[in-house]
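Enquirer: First the structure, then my questions, so here it is.
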Amino acid sequence: MMACGYPAAIAAAQHAGDIPVIVTEAGDPVEAKLVDSLAHPGGRVTGLSEIAATLSAKRLQLLKEAVPTIRTVVAHLERE
């Protein structure tokens, strides 16, 4: 079974029985309580995790440590 986003994934996981659930376009599966942890998810739920918000803060912190004089950071997103 395939689910797009966590509301759909939560519903699918509750009603799928023994059928594996593949999740796409979702945030943090641990926060959504779909898996126990990213290292050892367990259960029938698998897929992609977008924990970019958590990682973005850490990346910015590391950038500031590496380049203490930096004042502005701009993200460029490629669109096809």
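Within each chain, counting starts at residue 1; across the structure tokens, chains are named A, B, ... in the order shown, with ligands numbered 1 upward in that order.
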Please list as a VMD selection string every residue within 12 Å of stretch 33-43 of chain A, counting only C-alpha atoms and excluding residues in the same chain fewer than 6 positions away.
Expert: chain A and resid 5 to 14 16 to 23 26 to 27 49 to 51
Enquirer: In chain A, what's alpha helix (DSSP H) per DSSP? Answer as a PyMOL selection string?
Expert: chain A and resi 6-15+52-66
Enquirer: Just how far from atom CA of A:Pro29 is atom CA of A:Met2, in Å to one decimal?
Expert: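 Value for the atom CA of A:Met2-atom CA of A:Pro29 distance: 14.7 Å.
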Enquirer: Taking the backbone alone, and naming residues the way the document does, which bits of stretch 1-31 of chain A are strand (DSSP E or B) by DSSP, as a VMD selection string?
Expert: chain A and resid 2 to 4 21 to 24
Enquirer: If you measure from atom CA of A:Leu55 to atom CA of A:Pro68, what distance in Å do you get, rounded to one decimal?
Expert: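 Computing it gives 19.2 Å between the two atoms.
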